[in-house]
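Participant: My structure file target.txt, compact mmCIF, C-alpha atoms, is below:
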```txt
# COMPACT_ATOMS: atom_id res chain seq x y z
CA MET A 2 72.40 53.56 144.92
CA SER A 3 69.77 56.29 145.11
CA GLU A 4 67.76 57.14 148.21
CA VAL A 5 64.72 55.43 146.68
CA ASP A 6 66.68 52.27 145.77
CA ALA A 7 67.12 51.65 149.50
CA TYR A 8 63.41 50.74 149.54
CA ASP A 9 63.68 48.07 146.87
CA TYR A 10 63.47 44.34 147.54
CA HIS A 11 63.01 41.16 145.54
CA LEU A 12 59.73 39.30 145.87
CA PRO A 13 59.13 35.91 144.21
CA ARG A 14 56.13 36.32 141.93
CA GLU A 15 54.34 33.33 143.44
CA LEU A 16 54.03 35.20 146.76
CA ILE A 17 51.73 37.87 145.26
CA ALA A 18 48.25 36.82 146.43
CA GLN A 19 45.77 36.55 143.55
CA ILE A 20 42.65 35.69 145.54
CA PRO A 21 41.66 36.24 149.18
CA LEU A 22 41.52 33.44 151.71
CA PRO A 23 38.11 31.79 152.17
CA GLU A 24 38.03 33.13 155.74
CA ARG A 25 39.39 36.67 155.97
CA SER A 26 40.73 36.43 159.53
CA ASP A 27 42.76 33.28 158.76
CA ALA A 28 45.45 35.49 157.20
CA ARG A 29 48.88 35.09 158.76
CA LEU A 30 50.07 37.91 161.00
CA LEU A 31 53.73 38.75 161.55
CA VAL A 32 53.88 40.41 164.98
CA VAL A 33 56.75 42.89 165.19
CA ARG A 34 57.66 44.16 168.65
CA ARG A 35 59.80 47.28 168.42
CA ASP A 36 60.79 47.35 172.09
CA ALA A 37 62.12 43.77 172.09
CA GLN A 38 63.13 43.76 168.40
CA THR A 39 61.35 40.41 167.96
CA LEU A 40 59.24 38.74 165.28
CA GLU A 41 56.43 36.29 166.02
CA HIS A 42 54.16 34.31 163.68
CA ARG A 43 50.45 34.47 164.48
CA PHE A 44 47.11 34.90 162.67
CA VAL A 45 44.83 37.92 162.29
CA ARG A 46 42.19 36.04 164.31
CA ASP A 47 44.62 36.28 167.29
CA LEU A 48 44.25 40.09 167.46
CA PRO A 49 42.02 40.01 170.60
CA ASP A 50 44.90 38.30 172.43
CA LEU A 51 47.56 40.67 171.06
CA LEU A 52 45.78 43.92 171.92
CA ALA A 53 44.79 45.04 175.41
CA SER A 54 41.54 46.20 176.93
CA GLY A 55 41.47 49.98 176.65
CA ASP A 56 43.25 50.08 173.29
CA ALA A 57 41.49 51.73 170.33
CA LEU A 58 41.41 50.15 166.89
CA VAL A 59 40.95 52.81 164.19
CA LEU A 60 39.35 51.71 160.89
CA ASN A 61 38.99 53.48 157.54
CA ASP A 62 35.32 53.20 156.52
CA THR A 63 35.77 54.30 152.90
CA ARG A 64 33.95 52.24 150.30
CA VAL A 65 35.53 51.19 147.00
CA ILE A 66 33.48 52.27 144.00
CA PRO A 67 33.44 50.31 140.70
CA ALA A 68 35.68 52.95 139.14
CA ARG A 69 37.39 51.01 136.35
CA LEU A 70 35.83 51.83 132.98
CA VAL A 71 36.13 49.79 129.79
CA GLY A 72 34.99 50.71 126.30
CA TYR A 73 36.17 51.86 122.90
CA ARG A 74 36.80 55.09 121.03
CA THR A 75 33.50 55.67 119.27
CA GLN A 76 34.96 56.71 115.90
CA THR A 77 37.87 54.27 115.55
CA ARG A 78 36.61 51.47 117.84
CA GLY A 79 40.09 51.36 119.36
CA ARG A 80 40.19 49.84 122.85
CA TRP A 81 39.95 52.34 125.71
CA GLU A 82 40.23 52.05 129.49
CA GLY A 83 39.64 54.62 132.18
CA LEU A 84 39.51 55.13 135.92
CA TYR A 85 36.85 57.37 137.44
CA LEU A 86 38.40 59.68 140.03
CA GLY A 87 35.47 61.90 140.99
CA SER A 88 32.98 64.41 139.63
CA ASP A 89 31.90 67.96 140.37
CA GLU A 90 28.51 69.54 140.98
CA HIS A 91 28.10 70.16 137.23
CA GLY A 92 28.37 66.46 136.38
CA VAL A 93 31.88 66.73 134.96
CA TRP A 94 33.94 63.61 135.63
CA LYS A 95 37.66 63.46 136.30
CA ILE A 96 39.09 60.33 134.73
CA LEU A 97 42.46 58.70 134.08
CA ALA A 98 42.38 57.53 130.46
CA LYS A 99 44.49 54.96 128.63
CA THR A 100 44.41 54.10 124.92
CA ARG A 101 46.65 53.84 121.86
CA GLY A 102 47.14 57.07 119.96
CA LYS A 103 46.29 60.59 120.97
CA MET A 104 42.80 61.58 122.07
CA LYS A 105 41.35 65.00 121.29
CA PRO A 106 38.84 67.22 123.14
CA GLY A 107 35.33 66.55 121.87
CA GLU A 108 36.08 62.92 121.07
CA SER A 109 33.71 60.37 122.58
CA VAL A 110 34.21 56.99 124.18
CA THR A 111 31.52 54.30 124.26
CA LEU A 112 31.38 52.72 127.70
CA GLN A 113 30.53 49.04 127.96
CA ASP A 114 28.96 47.16 130.83
CA ARG A 115 30.44 44.01 132.35
CA GLN A 116 28.82 41.89 129.60
CA GLN A 117 30.51 44.03 126.89
CA ALA A 118 27.21 45.59 125.86
CA ASP A 119 27.30 49.27 124.84
CA LEU A 120 25.94 51.44 127.64
CA CYS A 121 26.52 55.12 126.97
CA ARG A 122 28.94 57.62 125.49
CA LEU A 123 31.47 59.63 127.47
CA ILE A 124 32.51 62.95 125.93
CA LEU A 125 36.13 63.97 126.55
CA LEU A 126 36.11 67.70 127.33
CA SER A 127 39.71 68.68 128.03
CA PRO A 128 43.02 67.16 129.17
CA ILE A 129 44.11 67.98 132.72
CA GLY A 130 47.62 66.52 132.55
CA ARG A 131 49.35 63.22 133.45
CA GLY A 132 46.76 61.23 131.51
CA LEU A 133 43.83 62.88 133.31
CA TRP A 134 40.78 64.22 131.48
CA ALA A 135 37.64 66.16 132.25
CA ALA A 136 34.72 64.26 130.71
CA ARG A 137 30.95 64.20 130.77
CA PRO A 138 28.65 61.19 130.25
CA GLU A 139 25.79 61.73 127.82
CA MET A 140 23.36 60.16 130.28
CA ALA A 141 22.13 62.56 132.95
CA GLU A 142 22.46 60.03 135.75
CA ASP A 143 24.09 60.09 139.17
CA ALA A 144 27.74 59.13 138.75
CA LEU A 145 27.70 56.33 141.33
CA GLN A 146 24.52 54.83 139.87
CA LEU A 147 26.05 54.84 136.40
CA LEU A 148 29.27 53.31 137.70
CA GLU A 149 27.30 50.47 139.29
CA ARG A 150 26.24 49.49 135.77
CA ALA A 151 29.33 50.46 133.78
CA GLY A 152 32.20 50.09 136.23
CA ARG A 153 34.41 47.26 137.35
CA VAL A 154 36.21 46.76 140.66
CA PRO A 155 39.52 48.64 140.19
CA LEU A 156 41.88 45.81 141.14
CA PRO A 157 45.59 46.68 141.11
CA PRO A 158 47.46 45.33 138.07
CA TYR A 159 49.38 42.71 140.10
CA ILE A 160 46.09 40.88 140.78
CA ARG A 161 45.08 39.00 137.60
CA ASP A 162 46.24 41.96 135.47
CA GLY A 163 43.47 44.03 137.03
CA GLU A 164 40.68 41.82 135.66
CA MET A 165 37.91 41.43 138.22
CA ALA A 166 35.88 38.32 138.93
CA ASP A 167 32.35 38.61 140.30
CA ALA A 168 33.62 37.61 143.74
CA ASP A 169 35.85 40.71 143.90
CA ARG A 170 32.80 42.96 144.28
CA GLU A 171 32.52 41.67 147.84
CA SER A 172 36.02 40.47 148.68
CA TYR A 173 37.80 43.71 147.62
CA GLN A 174 35.73 45.62 150.18
CA THR A 175 35.98 45.79 153.96
CA VAL A 176 32.99 44.43 155.86
CA TYR A 177 32.55 47.87 157.45
CA ALA A 178 32.85 49.92 154.22
CA GLU A 179 30.32 52.73 154.34
CA LYS A 180 31.27 55.96 152.53
CA PRO A 181 31.80 55.56 148.77
CA GLY A 182 34.76 57.29 147.19
CA ALA A 183 37.86 55.05 147.07
CA VAL A 184 39.43 53.62 143.91
CA ALA A 185 41.45 51.10 145.93
CA ALA A 186 40.66 49.21 149.10
CA PRO A 187 42.28 50.06 152.45
CA THR A 188 43.68 46.55 152.35
CA ALA A 189 44.67 46.05 156.00
CA GLY A 190 40.96 46.20 156.77
CA LEU A 191 40.14 43.33 154.41
CA HIS A 192 41.13 40.86 157.15
CA PHE A 193 38.29 41.73 159.51
CA THR A 194 35.02 39.83 159.89
CA PRO A 195 31.96 40.76 161.98
CA PRO A 196 32.75 37.97 164.53
CA LEU A 197 36.35 39.20 164.91
CA LEU A 198 35.20 42.79 165.41
CA GLN A 199 32.71 41.55 168.01
CA ARG A 200 35.44 39.63 169.87
CA LEU A 201 37.62 42.72 169.89
CA ASN A 202 34.76 44.81 171.22
CA ASP A 203 33.94 42.19 173.86
CA GLY A 204 37.59 42.33 174.95
CA GLY A 205 37.32 46.02 175.79
CA ILE A 206 38.98 47.27 172.62
CA GLU A 207 37.29 50.40 171.27
CA ILE A 208 36.45 50.53 167.57
CA CYS A 209 36.75 53.97 165.95
CA ARG A 210 36.24 55.07 162.37
CA VAL A 211 37.83 57.68 160.15
CA THR A 212 37.53 58.12 156.40
CA LEU A 213 40.19 58.43 153.71
CA HIS A 214 39.20 57.89 150.08
CA VAL A 215 42.15 55.99 148.62
CA GLY A 216 43.22 57.61 145.34
CA VAL A 217 45.00 56.56 142.16
CA GLY A 218 48.36 57.66 143.56
CA THR A 219 48.43 54.57 145.74
CA PHE A 220 49.31 52.54 142.60
CA ARG A 221 52.14 54.81 141.50
CA PRO A 222 55.72 53.91 142.47
CA ILE A 223 58.22 56.63 143.26
CA SER A 224 60.06 57.64 140.09
CA ALA A 225 62.15 60.48 141.57
CA ALA A 226 65.73 59.78 142.64
CA SER A 227 65.21 61.31 146.08
CA LEU A 228 62.22 61.22 148.40
CA ASP A 229 61.86 64.99 148.68
CA GLN A 230 61.39 65.22 144.89
CA HIS A 231 58.38 62.89 144.86
CA PRO A 232 55.06 64.73 144.25
CA MET A 233 52.78 63.11 146.82
CA HIS A 234 49.20 62.52 145.70
CA ALA A 235 46.42 64.14 147.71
CA GLU A 236 43.47 62.21 149.12
CA TRP A 237 40.33 63.40 150.89
CA ALA A 238 40.10 62.40 154.54
CA CYS A 239 38.01 63.17 157.60
CA ILE A 240 38.10 62.59 161.35
CA GLU A 241 35.13 63.83 163.35
CA ALA A 242 35.06 65.44 166.80
CA PRO A 243 33.52 62.46 168.68
CA VAL A 244 36.30 60.18 167.40
CA VAL A 245 38.97 62.69 168.43
CA ALA A 246 37.46 62.87 171.94
CA GLN A 247 37.36 59.06 172.11
CA LEU A 248 41.02 58.76 171.13
CA HIS A 249 42.11 61.44 173.60
CA ALA A 250 40.31 59.50 176.34
CA VAL A 251 42.03 56.26 175.28
CA ARG A 252 45.47 57.84 175.44
CA ALA A 253 44.69 59.55 178.77
CA ALA A 254 43.74 56.16 180.26
CA GLY A 255 46.98 54.57 179.06
CA GLY A 256 45.57 52.80 176.00
CA ARG A 257 47.16 52.59 172.58
CA ILE A 258 45.88 53.95 169.29
CA VAL A 259 46.16 51.11 166.78
CA ALA A 260 45.85 52.20 163.16
CA VAL A 261 44.43 49.67 160.70
CA GLY A 262 46.38 50.51 157.57
CA THR A 263 48.55 53.30 156.23
CA THR A 264 45.48 55.32 155.21
CA VAL A 265 44.46 55.59 158.86
CA VAL A 266 48.01 56.61 159.80
CA ARG A 267 47.97 59.41 157.24
CA THR A 268 44.54 60.59 158.39
CA LEU A 269 45.45 60.64 162.09
CA GLU A 270 48.87 62.18 161.58
CA THR A 271 47.47 64.90 159.31
CA ALA A 272 44.83 65.71 161.94
CA ALA A 273 47.60 65.87 164.57
CA SER A 274 49.96 68.06 162.56
CA SER A 275 49.57 70.91 165.09
CA GLY A 276 50.97 68.61 167.79
CA GLN A 277 47.61 67.44 169.10
CA LEU A 278 44.90 65.39 167.43
CA GLN A 279 41.91 67.51 166.46
CA PRO A 280 38.85 67.24 164.20
CA TRP A 281 39.78 67.74 160.56
CA GLN A 282 38.67 67.15 157.01
CA GLY A 283 40.14 68.02 153.66
CA GLU A 284 42.86 66.93 151.25
CA THR A 285 46.00 65.41 152.71
CA ASP A 286 49.25 65.03 150.80
CA LEU A 287 51.25 63.99 153.85
CA PHE A 288 54.27 61.91 152.83
CA ILE A 289 55.63 60.15 155.92
CA ARG A 290 59.33 59.49 155.52
CA PRO A 291 62.46 59.74 157.69
CA PRO A 292 62.86 61.66 159.85
CA TYR A 293 59.27 61.80 161.09
CA GLU A 294 57.89 62.05 164.61
CA PHE A 295 54.59 60.17 165.00
CA ARG A 296 52.08 62.05 167.14
CA ALA A 297 48.83 60.10 166.98
CA VAL A 298 49.61 56.42 166.26
CA ASP A 299 51.04 53.88 168.72
CA ALA A 300 50.69 50.63 166.76
CA LEU A 301 49.98 49.65 163.18
CA LEU A 302 48.28 46.73 161.45
CA THR A 303 49.29 46.73 157.79
CA ASN A 304 49.70 44.51 154.74
CA PHE A 305 53.01 44.01 152.93
CA HIS A 306 53.67 46.76 150.40
CA LEU A 307 55.22 47.21 146.97
CA PRO A 308 58.93 48.04 146.65
CA LYS A 309 59.78 51.73 146.27
CA SER A 310 56.28 52.78 147.34
CA THR A 311 55.28 55.58 149.69
CA LEU A 312 53.41 52.97 151.76
CA LEU A 313 56.55 50.88 152.32
CA ILE A 314 58.46 54.02 153.28
CA LEU A 315 55.76 54.94 155.83
CA VAL A 316 55.90 51.46 157.37
CA ARG A 317 59.69 51.39 157.57
CA THR A 318 59.65 54.86 159.13
CA PHE A 319 57.14 53.70 161.74
CA GLY A 320 58.70 50.34 162.55
CA GLY A 321 62.36 51.26 162.29
CA ASP A 322 64.36 50.52 159.18
CA PRO A 323 66.59 47.59 160.27
CA LEU A 324 63.71 45.79 162.00
CA MET A 325 61.35 46.26 159.05
CA ARG A 326 63.96 44.96 156.61
CA ARG A 327 64.32 41.88 158.80
CA ALA A 328 60.53 41.49 159.00
CA TYR A 329 60.15 41.57 155.20
CA ASP A 330 63.01 39.09 154.77
CA GLU A 331 61.35 36.78 157.29
CA ALA A 332 57.94 37.08 155.64
CA ILE A 333 59.42 36.17 152.25
CA ALA A 334 61.40 33.26 153.70
CA GLN A 335 58.27 31.92 155.44
CA GLY A 336 56.11 32.20 152.31
CA TYR A 337 53.75 34.95 153.48
CA ARG A 338 51.23 36.15 150.89
CA PHE A 339 51.92 39.73 149.74
CA TYR A 340 49.98 42.85 148.74
CA SER A 341 46.23 43.55 148.63
CA TYR A 342 44.84 40.03 149.15
CA GLY A 343 47.85 38.93 151.18
CA ASP A 344 48.82 38.53 154.82
CA ALA A 345 49.55 41.25 157.39
CA MET A 346 51.91 42.46 160.07
CA LEU A 347 51.20 44.06 163.42
CA ILE A 348 53.83 46.56 164.54
CA LEU A 349 53.69 47.11 168.31
```
Show me this structure written as structure tokens.

Facilitator:
Amino acid sequence: MSEVDAYDYHLPRELIAQIPLPERSDARLLVVRRDAQTLEHRFVRDLPDLLASGDALVLNDTRVIPARLVGYRTQTRGRWEGLYLGSDEHGVWKILAKTRGKMKPGESVTLQDRQQADLCRLILLSPIGRGLWAARPEMAEDALQLLERAGRVPLPPYIRDGEMADADRESYQTVYAEKPGAVAAPTAGLHFTPPLLQRLNDGGIEICRVTLHVGVGTFRPISAASLDQHPMHAEWACIEAPVVAQLHAVRAAGGRIVAVGTTVVRTLETAASSGQLQPWQGETDLFIRPPYEFRAVDALLTNFHLPKSTLLILVRTFGGDPLMRRAYDEAIAQGYRFYSYGDAMLIL
């Protein structure tokens, strides 16, 4: 068995959540206590009772953009799909493209809106590698404005084969999403509602925000045989000076830093790579795997993750491998809902 195979597990297909719960905070919560090595079944709405006054809850305020593109190759009318990954100051887009046959520089794709009406042409400029292309839309329009008309919510393929419903525009977004740039939701944050955040705040729990724009690499399983051979994707992240000062004060007063999701863990740990948390922004390709010493995170709220994924490896590194294996086995046995629209665990 390879090093990566150790992070495999079997999940019954019916446990993959296809739609969110009507009330976000009604999601089940598996509470994992590392000191006592215990598991407890609660609900996300119980968080104010599980955290203590003086703790800090750190959220990722990235906003998912409608980055999934659908259309056809203008000349052949062959079906085409793409994923918008960003653009530069010259209006050149970076996209992940998928179609039958080989595309050539100079070829155009006709983008269609959500009603399958032709919207505009996208000119493919040059391949970048690994299915990525530089492209330019014919319409001189702000990228995000064009995506609002042409794009779809980029659901992962395990949710309805990636096909969005109108409801996903709101439900696949945290209630505190603010800064557009992600192509996938920071899913641990999907469980929060304004009333729950208010209850946490009323209970003396500080709410802090960082930003990490979740990238396409979050969908990619590890294909290398060993962890050190895996090329970790880079994602843009930022933590500002006032937040750093707030978190230092929390720790100094004996409070815990509670990360909401693996994206927050990667942001905080990158910013603390010198040994102490400090303001930082830039691209992070931090791959947290054993052995790793956590410097900035004391507790973690996270969803259940795909087998052989960097996210699962991060969680098992944080929670301890035997305990996390037991937690996943328990969640499966108890019928927890898995992945993006699924339930959560709180590792204390």

Participant: Compile the contact shell of stretch 52-64 of chain A as a CSV table (one decimal) with C-alpha atoms, in the frame of the given file: residues with an atom at most 8 Å away, counting all atoms listed in the file, same-chain residues fewer than 4 positions apart removed.

Facilitator:
```csv
chain,number,residue,atom,x,y,z
A,48,LEU,CA,44.2,40.1,167.5
A,174,GLN,CA,35.7,45.6,150.2
A,175,THR,CA,36.0,45.8,154.0
A,177,TYR,CA,32.6,47.9,157.4
A,178,ALA,CA,32.8,49.9,154.2
A,179,GLU,CA,30.3,52.7,154.3
A,180,LYS,CA,31.3,56.0,152.5
A,181,PRO,CA,31.8,55.6,148.8
A,182,GLY,CA,34.8,57.3,147.2
A,183,ALA,CA,37.9,55.0,147.1
A,186,ALA,CA,40.7,49.2,149.1
A,187,PRO,CA,42.3,50.1,152.4
A,190,GLY,CA,41.0,46.2,156.8
A,204,GLY,CA,37.6,42.3,175.0
A,205,GLY,CA,37.3,46.0,175.8
A,206,ILE,CA,39.0,47.3,172.6
A,207,GLU,CA,37.3,50.4,171.3
A,208,ILE,CA,36.4,50.5,167.6
A,209,CYS,CA,36.8,54.0,166.0
A,210,ARG,CA,36.2,55.1,162.4
A,211,VAL,CA,37.8,57.7,160.2
A,212,THR,CA,37.5,58.1,156.4
A,213,LEU,CA,40.2,58.4,153.7
A,214,HIS,CA,39.2,57.9,150.1
A,215,VAL,CA,42.2,56.0,148.6
A,248,LEU,CA,41.0,58.8,171.1
A,251,VAL,CA,42.0,56.3,175.3
A,254,ALA,CA,43.7,56.2,180.3
A,255,GLY,CA,47.0,54.6,179.1
A,256,GLY,CA,45.6,52.8,176.0
A,257,ARG,CA,47.2,52.6,172.6
A,258,ILE,CA,45.9,54.0,169.3
A,259,VAL,CA,46.2,51.1,166.8
A,260,ALA,CA,45.8,52.2,163.2
A,261,VAL,CA,44.4,49.7,160.7
A,262,GLY,CA,46.4,50.5,157.6
A,264,THR,CA,45.5,55.3,155.2
A,265,VAL,CA,44.5,55.6,158.9
```

Participant: If we count all atoms listed in the file, what is near A:Gly336 at a cut-off of 12 Å, once residues fewer than 4 positions away on the same chain are taken out, given as a PyMOL selection string?

Facilitator: chain A and resi 12-18+29+31+42+329-332+343-344

Participant: Which one of A:Lys309, A:Arg150, A:Lys105, A:Arg161 sits closest to A:Ala136 if you count all atoms listed in the file?

Facilitator: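 When distances to A:Ala136 are compared using all atoms listed in the file, the smallest one comes from A:Lys105.
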
Participant: What lies within 8 Å of stretch 70-84 of chain A using all atoms listed in the file, ignoring chain neighbours under 6 positions off, as a PDB file with C-alpha atoms, in the frame of the given file?

Facilitator:
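Written out: selection08.pdb:
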```pdb
ATOM      1  CA  ILE A  96      39.090  60.330 134.730  1.00  0.00           C
ATOM      2  CA  LEU A  97      42.460  58.700 134.080  1.00  0.00           C
ATOM      3  CA  ALA A  98      42.380  57.530 130.460  1.00  0.00           C
ATOM      4  CA  LYS A  99      44.490  54.960 128.630  1.00  0.00           C
ATOM      5  CA  THR A 100      44.410  54.100 124.920  1.00  0.00           C
ATOM      6  CA  ARG A 101      46.650  53.840 121.860  1.00  0.00           C
ATOM      7  CA  GLU A 108      36.080  62.920 121.070  1.00  0.00           C
ATOM      8  CA  SER A 109      33.710  60.370 122.580  1.00  0.00           C
ATOM      9  CA  VAL A 110      34.210  56.990 124.180  1.00  0.00           C
ATOM     10  CA  THR A 111      31.520  54.300 124.260  1.00  0.00           C
ATOM     11  CA  LEU A 112      31.380  52.720 127.700  1.00  0.00           C
ATOM     12  CA  GLN A 113      30.530  49.040 127.960  1.00  0.00           C
ATOM     13  CA  ASP A 114      28.960  47.160 130.830  1.00  0.00           C
ATOM     14  CA  ASP A 119      27.300  49.270 124.840  1.00  0.00           C
ATOM     15  CA  ARG A 122      28.940  57.620 125.490  1.00  0.00           C
ATOM     16  CA  ALA A 151      29.330  50.460 133.780  1.00  0.00           C
ATOM     17  CA  GLY A 152      32.200  50.090 136.230  1.00  0.00           C
ATOM     18  CA  ARG A 153      34.410  47.260 137.350  1.00  0.00           C
ATOM     19  CA  PRO A 155      39.520  48.640 140.190  1.00  0.00           C
TER      20      PRO A 155
END
```

Participant: So how far away is atom CA of A:Val298 from atom CA of A:Arg34, in Å?

Facilitator: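 These two atoms are separated by 14.9 Å.
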
Participant: Mind filling out stretch 33-61 of chain A with N, CA and C atoms and sending it as a PDB file, keeping the file's coordinate frame?

Facilitator:
```pdb
ATOM      1  N   VAL A  33      55.450  42.233 165.074  1.00  0.00           N
ATOM      2  CA  VAL A  33      56.750  42.890 165.190  1.00  0.00           C
ATOM      3  C   VAL A  33      56.740  43.748 166.453  1.00  0.00           C
ATOM      4  N   ARG A  34      57.592  43.399 167.388  1.00  0.00           N
ATOM      5  CA  ARG A  34      57.660  44.160 168.650  1.00  0.00           C
ATOM      6  C   ARG A  34      58.907  45.041 168.616  1.00  0.00           C
ATOM      7  N   ARG A  35      58.681  46.348 168.561  1.00  0.00           N
ATOM      8  CA  ARG A  35      59.800  47.280 168.420  1.00  0.00           C
ATOM      9  C   ARG A  35      60.656  47.339 169.679  1.00  0.00           C
ATOM     10  N   ASP A  36      60.006  47.238 170.853  1.00  0.00           N
ATOM     11  CA  ASP A  36      60.790  47.350 172.090  1.00  0.00           C
ATOM     12  C   ASP A  36      61.750  46.175 172.253  1.00  0.00           C
ATOM     13  N   ALA A  37      61.284  44.958 171.938  1.00  0.00           N
ATOM     14  CA  ALA A  37      62.120  43.770 172.090  1.00  0.00           C
ATOM     15  C   ALA A  37      62.849  43.390 170.812  1.00  0.00           C
ATOM     16  N   GLN A  38      62.523  44.066 169.705  1.00  0.00           N
ATOM     17  CA  GLN A  38      63.130  43.760 168.400  1.00  0.00           C
ATOM     18  C   GLN A  38      62.899  42.297 168.008  1.00  0.00           C
ATOM     19  N   THR A  39      61.667  41.813 168.236  1.00  0.00           N
ATOM     20  CA  THR A  39      61.350  40.410 167.960  1.00  0.00           C
ATOM     21  C   THR A  39      60.271  40.273 166.894  1.00  0.00           C
ATOM     22  N   LEU A  40      60.244  39.102 166.269  1.00  0.00           N
ATOM     23  CA  LEU A  40      59.240  38.740 165.280  1.00  0.00           C
ATOM     24  C   LEU A  40      58.531  37.475 165.747  1.00  0.00           C
ATOM     25  N   GLU A  41      57.216  37.436 165.574  1.00  0.00           N
ATOM     26  CA  GLU A  41      56.430  36.290 166.020  1.00  0.00           C
ATOM     27  C   GLU A  41      55.363  35.994 164.974  1.00  0.00           C
ATOM     28  N   HIS A  42      55.123  34.712 164.701  1.00  0.00           N
ATOM     29  CA  HIS A  42      54.160  34.310 163.680  1.00  0.00           C
ATOM     30  C   HIS A  42      52.823  33.959 164.323  1.00  0.00           C
ATOM     31  N   ARG A  43      51.791  34.717 163.961  1.00  0.00           N
ATOM     32  CA  ARG A  43      50.450  34.470 164.480  1.00  0.00           C
ATOM     33  C   ARG A  43      49.449  34.550 163.327  1.00  0.00           C
ATOM     34  N   PHE A  44      48.174  34.729 163.660  1.00  0.00           N
ATOM     35  CA  PHE A  44      47.110  34.900 162.670  1.00  0.00           C
ATOM     36  C   PHE A  44      46.300  36.131 163.033  1.00  0.00           C
ATOM     37  N   VAL A  45      45.643  36.729 162.030  1.00  0.00           N
ATOM     38  CA  VAL A  45      44.830  37.920 162.290  1.00  0.00           C
ATOM     39  C   VAL A  45      43.755  37.611 163.333  1.00  0.00           C
ATOM     40  N   ARG A  46      43.234  36.408 163.333  1.00  0.00           N
ATOM     41  CA  ARG A  46      42.190  36.040 164.310  1.00  0.00           C
ATOM     42  C   ARG A  46      42.702  36.095 165.755  1.00  0.00           C
ATOM     43  N   ASP A  47      44.036  36.189 165.940  1.00  0.00           N
ATOM     44  CA  ASP A  47      44.620  36.280 167.290  1.00  0.00           C
ATOM     45  C   ASP A  47      44.643  37.710 167.826  1.00  0.00           C
ATOM     46  N   LEU A  48      44.172  38.677 167.049  1.00  0.00           N
ATOM     47  CA  LEU A  48      44.250  40.090 167.460  1.00  0.00           C
ATOM     48  C   LEU A  48      43.678  40.350 168.858  1.00  0.00           C
ATOM     49  N   PRO A  49      42.537  39.733 169.255  1.00  0.00           N
ATOM     50  CA  PRO A  49      42.020  40.010 170.600  1.00  0.00           C
ATOM     51  C   PRO A  49      43.002  39.633 171.713  1.00  0.00           C
ATOM     52  N   ASP A  50      43.900  38.685 171.434  1.00  0.00           N
ATOM     53  CA  ASP A  50      44.900  38.300 172.430  1.00  0.00           C
ATOM     54  C   ASP A  50      46.140  39.188 172.374  1.00  0.00           C
ATOM     55  N   LEU A  51      46.350  39.862 171.249  1.00  0.00           N
ATOM     56  CA  LEU A  51      47.560  40.670 171.060  1.00  0.00           C
ATOM     57  C   LEU A  51      47.344  42.126 171.484  1.00  0.00           C
ATOM     58  N   LEU A  52      46.092  42.572 171.467  1.00  0.00           N
ATOM     59  CA  LEU A  52      45.780  43.920 171.920  1.00  0.00           C
ATOM     60  C   LEU A  52      45.240  43.858 173.343  1.00  0.00           C
ATOM     61  N   ALA A  53      45.187  44.994 173.998  1.00  0.00           N
ATOM     62  CA  ALA A  53      44.790  45.040 175.410  1.00  0.00           C
ATOM     63  C   ALA A  53      43.485  45.800 175.581  1.00  0.00           C
ATOM     64  N   SER A  54      42.745  45.451 176.595  1.00  0.00           N
ATOM     65  CA  SER A  54      41.540  46.200 176.930  1.00  0.00           C
ATOM     66  C   SER A  54      41.909  47.663 177.160  1.00  0.00           C
ATOM     67  N   GLY A  55      41.155  48.552 176.553  1.00  0.00           N
ATOM     68  CA  GLY A  55      41.470  49.980 176.650  1.00  0.00           C
ATOM     69  C   GLY A  55      42.179  50.526 175.433  1.00  0.00           C
ATOM     70  N   ASP A  56      42.690  49.630 174.553  1.00  0.00           N
ATOM     71  CA  ASP A  56      43.250  50.080 173.290  1.00  0.00           C
ATOM     72  C   ASP A  56      42.128  50.523 172.359  1.00  0.00           C
ATOM     73  N   ALA A  57      42.458  51.320 171.355  1.00  0.00           N
ATOM     74  CA  ALA A  57      41.490  51.730 170.330  1.00  0.00           C
ATOM     75  C   ALA A  57      41.988  51.271 168.969  1.00  0.00           C
ATOM     76  N   LEU A  58      41.122  50.584 168.245  1.00  0.00           N
ATOM     77  CA  LEU A  58      41.410  50.150 166.890  1.00  0.00           C
ATOM     78  C   LEU A  58      40.725  51.136 165.942  1.00  0.00           C
ATOM     79  N   VAL A  59      41.492  51.777 165.065  1.00  0.00           N
ATOM     80  CA  VAL A  59      40.950  52.810 164.190  1.00  0.00           C
ATOM     81  C   VAL A  59      40.854  52.271 162.761  1.00  0.00           C
ATOM     82  N   LEU A  60      39.633  52.246 162.213  1.00  0.00           N
ATOM     83  CA  LEU A  60      39.350  51.710 160.890  1.00  0.00           C
ATOM     84  C   LEU A  60      39.073  52.830 159.900  1.00  0.00           C
ATOM     85  N   ASN A  61      39.339  52.555 158.624  1.00  0.00           N
ATOM     86  CA  ASN A  61      38.990  53.480 157.540  1.00  0.00           C
ATOM     87  C   ASN A  61      37.719  52.951 156.878  1.00  0.00           C
TER      88      ASN A  61
END
```
